[in-house]
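Student: Contents of final_19.tsv (TSV, C-alpha atoms):
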```
chain	number	residue	atom	x	y	z
A	182	THR	CA	5.92	17.30	37.33
A	183	PHE	CA	7.82	14.56	35.57
A	184	HIS	CA	5.88	11.68	34.00
A	185	PHE	CA	7.26	8.54	32.48
A	186	SER	CA	6.08	5.15	31.31
A	187	THR	CA	7.87	1.91	31.97
A	188	ASN	CA	7.36	-1.82	31.61
A	189	GLY	CA	8.14	-1.98	35.34
A	190	LEU	CA	10.81	-4.65	35.12
A	191	LEU	CA	13.56	-2.31	36.36
A	192	LEU	CA	11.28	-0.40	38.73
A	193	ASP	CA	12.67	-1.95	41.89
A	194	ALA	CA	12.84	-0.47	45.39
A	195	ALA	CA	16.52	0.52	45.07
A	196	ARG	CA	15.82	2.60	41.95
A	197	LEU	CA	12.72	4.17	43.47
A	198	ALA	CA	14.18	5.11	46.85
A	199	PRO	CA	15.70	8.39	45.58
A	200	LEU	CA	12.44	9.26	43.81
A	201	ALA	CA	10.07	8.48	46.69
A	202	PRO	CA	10.44	11.83	48.51
A	203	HIS	CA	9.44	13.58	45.28
A	204	ALA	CA	6.21	11.63	44.72
A	205	SER	CA	4.09	14.78	44.51
A	206	ARG	CA	6.03	15.76	41.38
A	207	LEU	CA	6.03	12.33	39.71
A	208	GLY	CA	3.71	10.34	37.51
A	209	ILE	CA	4.69	6.78	36.70
A	210	ILE	CA	2.69	4.59	34.33
A	211	VAL	CA	3.49	0.89	34.31
A	212	SER	CA	2.41	-0.64	31.02
A	213	THR	CA	1.26	-4.16	31.78
A	214	ASN	CA	-1.24	-5.30	29.11
A	215	ALA	CA	-2.09	-8.47	31.04
A	216	ALA	CA	-3.61	-9.76	34.26
A	217	THR	CA	-2.14	-13.25	34.19
A	218	PRO	CA	1.36	-14.69	33.90
A	219	GLU	CA	0.32	-16.62	30.78
A	220	THR	CA	-0.90	-13.61	28.83
A	221	TYR	CA	2.01	-11.46	29.99
A	222	ARG	CA	4.51	-14.09	28.85
A	223	ARG	CA	2.65	-14.55	25.54
A	224	LEU	CA	2.70	-10.81	24.78
A	225	THR	CA	6.09	-9.85	26.22
A	226	GLY	CA	8.12	-12.97	26.90
A	227	LYS	CA	8.80	-11.56	30.37
A	228	ASP	CA	8.32	-12.62	34.00
A	229	PHE	CA	4.95	-11.50	35.42
A	230	ASP	CA	5.91	-12.38	39.00
A	231	LYS	CA	8.91	-10.05	38.81
A	232	LEU	CA	6.70	-7.28	37.47
A	233	CYS	CA	4.20	-7.70	40.31
A	234	ALA	CA	6.97	-7.85	42.92
A	235	ASN	CA	8.44	-4.62	41.54
A	236	ILE	CA	5.08	-2.87	41.65
A	237	ARG	CA	4.49	-4.01	45.25
A	238	GLY	CA	7.98	-2.76	46.10
A	239	ALA	CA	7.30	0.58	44.42
A	240	VAL	CA	4.10	1.09	46.40
A	241	ALA	CA	5.98	0.17	49.61
A	242	ALA	CA	8.87	2.53	48.82
A	243	PHE	CA	6.50	5.47	48.44
A	244	ARG	CA	4.57	4.53	51.60
A	245	GLN	CA	7.82	4.23	53.53
A	246	ALA	CA	8.66	7.77	52.43
A	247	GLY	CA	5.22	8.88	53.64
A	248	GLN	CA	4.06	9.60	50.12
A	249	PRO	CA	1.12	8.34	48.08
A	250	ALA	CA	2.24	6.17	45.19
A	251	PRO	CA	2.17	8.27	41.99
A	252	LEU	CA	1.56	5.09	40.01
A	253	ALA	CA	-0.89	4.00	37.37
A	254	MET	CA	-1.00	0.67	35.58
A	255	SER	CA	-2.07	0.67	31.96
A	256	MET	CA	-3.47	-1.96	29.67
A	257	ILE	CA	-3.83	-1.67	25.93
A	258	VAL	CA	-7.11	-3.51	25.42
A	259	MET	CA	-7.04	-5.82	22.41
A	260	ARG	CA	-8.34	-9.22	21.38
A	261	ALA	CA	-5.46	-11.01	23.12
A	262	ASN	CA	-6.36	-9.62	26.56
A	263	ARG	CA	-9.89	-8.20	26.51
A	264	ASP	CA	-11.17	-11.08	28.64
A	265	GLU	CA	-8.70	-10.05	31.36
A	266	VAL	CA	-9.72	-6.41	31.76
A	267	LEU	CA	-11.73	-6.93	34.95
A	268	ASP	CA	-9.01	-9.19	36.37
A	269	PHE	CA	-6.52	-6.46	35.46
A	270	LEU	CA	-8.50	-3.96	37.55
A	271	ARG	CA	-8.57	-6.40	40.46
A	272	LEU	CA	-4.80	-6.87	40.11
A	273	VAL	CA	-4.19	-3.11	40.10
A	274	ALA	CA	-6.19	-2.75	43.32
A	275	ALA	CA	-4.53	-5.79	44.94
A	276	LEU	CA	-1.08	-4.35	44.22
A	277	GLY	CA	-2.06	-1.08	45.92
A	278	VAL	CA	-1.84	1.03	42.77
A	279	PRO	CA	-4.43	3.84	42.89
A	280	ARG	CA	-5.05	4.33	39.18
A	281	ALA	CA	-5.77	2.10	36.18
A	282	LEU	CA	-5.62	3.27	32.60
A	283	LEU	CA	-7.24	1.49	29.66
A	284	ARG	CA	-6.01	2.33	26.19
A	285	HIS	CA	-6.54	0.92	22.71
A	286	LEU	CA	-4.59	0.10	19.62
A	287	PHE	CA	-4.66	2.94	17.11
A	288	GLU	CA	-6.42	2.46	13.82
A	289	THR	CA	-3.81	3.32	11.26
A	290	ASP	CA	-3.14	3.04	7.54
A	291	TYR	CA	0.23	1.45	8.26
A	292	ALA	CA	0.14	-2.33	7.86
A	293	ALA	CA	2.46	-3.62	10.55
A	294	PRO	CA	4.12	-6.93	9.73
A	295	PRO	CA	2.93	-9.91	11.81
A	296	ARG	CA	5.06	-10.70	14.84
A	297	ASP	CA	5.68	-14.02	16.51
A	298	ASP	CA	8.22	-13.11	19.17
A	299	PHE	CA	7.01	-15.38	21.97
A	300	GLY	CA	4.92	-18.05	20.29
A	301	TYR	CA	1.87	-15.83	19.78
A	302	GLU	CA	1.23	-14.50	16.30
A	303	PHE	CA	0.49	-10.82	16.92
A	304	ILE	CA	-1.21	-9.24	13.92
A	305	TYR	CA	-1.87	-5.62	14.78
A	306	GLU	CA	-4.95	-5.15	12.60
A	307	ARG	CA	-6.52	-8.34	13.96
A	308	GLU	CA	-5.95	-7.27	17.56
A	309	ILE	CA	-7.87	-3.98	17.23
A	310	LEU	CA	-11.26	-4.20	18.91
A	311	PRO	CA	-14.29	-2.80	17.11
A	312	PRO	CA	-15.70	0.31	18.82
A	313	GLU	CA	-18.73	-1.51	20.24
A	314	ALA	CA	-16.55	-4.19	21.86
A	315	TYR	CA	-14.29	-1.53	23.35
A	316	ALA	CA	-17.36	0.34	24.64
A	317	ALA	CA	-18.63	-2.82	26.37
A	318	VAL	CA	-15.25	-3.38	28.02
A	319	ARG	CA	-15.16	0.25	29.11
A	320	ALA	CA	-18.66	0.07	30.61
A	321	ALA	CA	-17.85	-3.07	32.60
A	322	ALA	CA	-14.59	-1.50	33.80
A	323	HIS	CA	-16.39	1.59	35.09
A	324	VAL	CA	-18.82	-0.58	37.06
A	325	LEU	CA	-15.97	-2.44	38.79
A	326	ALA	CA	-13.47	0.39	39.33
A	327	ALA	CA	-15.42	2.33	41.96
A	328	PRO	CA	-15.99	-0.59	44.37
A	329	LEU	CA	-12.27	-1.41	44.06
A	330	GLY	CA	-11.40	2.18	44.98
A	331	LEU	CA	-9.61	2.78	41.69
A	332	GLU	CA	-9.39	5.92	39.68
A	333	LEU	CA	-10.05	4.74	36.13
A	334	GLY	CA	-8.88	6.48	33.01
A	335	VAL	CA	-10.09	5.31	29.61
A	336	GLN	CA	-8.45	6.76	26.54
A	337	ARG	CA	-9.67	6.44	23.00
A	338	ALA	CA	-8.38	8.50	20.09
A	339	GLY	CA	-11.81	9.71	19.00
A	340	GLU	CA	-12.53	11.01	22.49
A	341	HIS	CA	-9.16	12.47	23.46
A	342	PRO	CA	-7.47	14.87	21.03
A	343	GLU	CA	-4.07	14.34	22.65
A	344	ILE	CA	-4.36	10.58	22.04
A	345	ALA	CA	-5.51	11.18	18.46
A	346	ALA	CA	-2.39	13.26	17.92
A	347	LEU	CA	-0.24	10.35	19.09
A	348	ALA	CA	-1.89	8.11	16.51
A	349	GLU	CA	-0.60	10.38	13.78
```
Taking this structure as input, can you express it in the form of structure tokens?
Tutor:
Amino acid sequence: TFHFSTNGLLLDAARLAPLAPHASRLGIIVSTNAATPETYRRLTGKDFDKLCANIRGAVAAFRQAGQPAPLAMSMIVMRANRDEVLDFLRLVAALGVPRALLRHLFETDYAAPPRDDFGYEFIYEREILPPEAYAAVRAAAHVLAAPLGLELGVQRAGEHPEIAALAE
């Protein structure tokens, strides 16, 4: 099985057509980090509508090949987007993606310099949610995921050794 992560902006139907017959051996995670065009533009400077169109096209390409879409959409939950987590889950379901993945920013000793790429001052340490806030988001997400028919994965370094290793 081959897994990869992408921002989804080049994940169009033409690029996916050769992969579609091999869906059972693929895992594709589309890192989104937003549920609205405004937040997506603020965090990435990119076109949310293009992203959504590409994801719809990807789901359609796999369906056309008679395969389930081996897709998941992920969101790194932080202060800038925590109010969009439930809308993110609704978006994932509306796009026909079967799996949503919630992640977090790693607590680290490295002090990343502030960034202001797209008019939003991103300060890594300020964006990290405290554990209790992350737990509340996670609980609300679990309540909503089942009725939406989503498989929900929630990853936190303290709970997943493989994620903790990535933080190193």
Student: Which residue gives the smallest distance to Glu302 of chain A among A:Val318, A:Leu329, A:Ala241, A:Leu224, with all atoms listed in the file counted?
Tutor: A:Leu224
Student: Could you pull the residues within 9 Å of Leu270 of chain A, counting only C-alpha atoms, minus those fewer than 5 positions along the same chain, as JSON, numbers by chain?
Tutor: {"A": [216, 265, 275, 281, 322, 325, 326, 329, 331, 333]}
Student: Please indicate the distance in Å from atom CA of Arg263 of chain A to atom CA of Phe303 of chain A, rounded to one decimal place.
Tutor: 14.4 Å
Student: Quick check, in Å to one decimal: how far apart do atom CA of Ile257 of chain A and atom CA of Phe299 of chain A lie?
Tutor: 17.9 Å
Student: Just the residues within 7 Å of Ala194 of chain A, please, counting all atoms listed in the file, with nothing from its chain fewer than 6 positions along; format it as a PyMOL selection string.
Tutor: chain A and resi 238-239+242
Student: With 5 Å of padding per side, what axis-aligned box (centre and edge lengths, Å, one decimal) covers all the listed atoms of segment 239-256 of chain A? Give it as lines of an AutoDock Vina configuration file.
Tutor:
```
center_x = 2.7
center_y = 3.8
center_z = 41.7
size_x = 22.3
size_y = 21.6
size_z = 34.0
```
Student: With only C-alpha atoms as the counted atoms, please give the residues lying no more than 9 Å from segment 304-311 of chain A, apart from itself and same-chain residues fewer than 4 positions off, as a list in words.
Tutor: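 Non-adjacent residues within range: Val258, Met259, Arg260, Ala261, Arg263, His285, Leu286, Phe287, Glu288, Thr289, Ala292, Ala293, Pro294, Pro295, Arg296, Asp297, Tyr315 and Ala316 of chain A.
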Student: Distance atom CA of Ala234 of chain A-atom CA of Ala250 of chain A, one decimal place?
Tutor: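 If I compute the distance from atom CA of Ala234 of chain A to atom CA of Ala250 of chain A, I get 15.0 Å.
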Student: Which residues come within 12 Å of Ile210 of chain A, counting only C-alpha atoms, excluding same-chain residues fewer than 6 positions away, as an MDAnalysis selection string?
Tutor: chainID A and resid 183:189 192 236 239 250:256 273 278:283 334
Student: Smallest atom-to-atom distance to Leu191 of chain A: which of A:Leu207, A:Ser212, A:Arg222, A:Lys231, using only C-alpha atoms?
Tutor: A:Lys231
Student: Would you please work out which residue, of A:Glu332, A:Asp298, A:Asp228, A:Asp193, is nearest to Val240 of chain A when using only C-alpha atoms?
Tutor: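 For Val240 of chain A, the nearest of the candidates is A:Asp193.
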Student: Which one of A:Leu276, A:Val324, A:Ala204, A:Ala317 sits closest to Leu232 of chain A if you count only C-alpha atoms?
Tutor: A:Leu276
Student: Between A:Lys227, A:Pro218, A:Pro249, A:Leu190, which one has atoms that come closest to His203 of chain A, using only C-alpha atoms?
Tutor: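 The answer is A:Pro249, which sits nearest to His203 of chain A.
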Student: Which is closer to Gln248 of chain A than all the others in A:Thr182, A:Asn235, A:Gln336, A:Ser205, using only C-alpha atoms?
Tutor: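 Under the stated criterion, the closest residue is A:Ser205.
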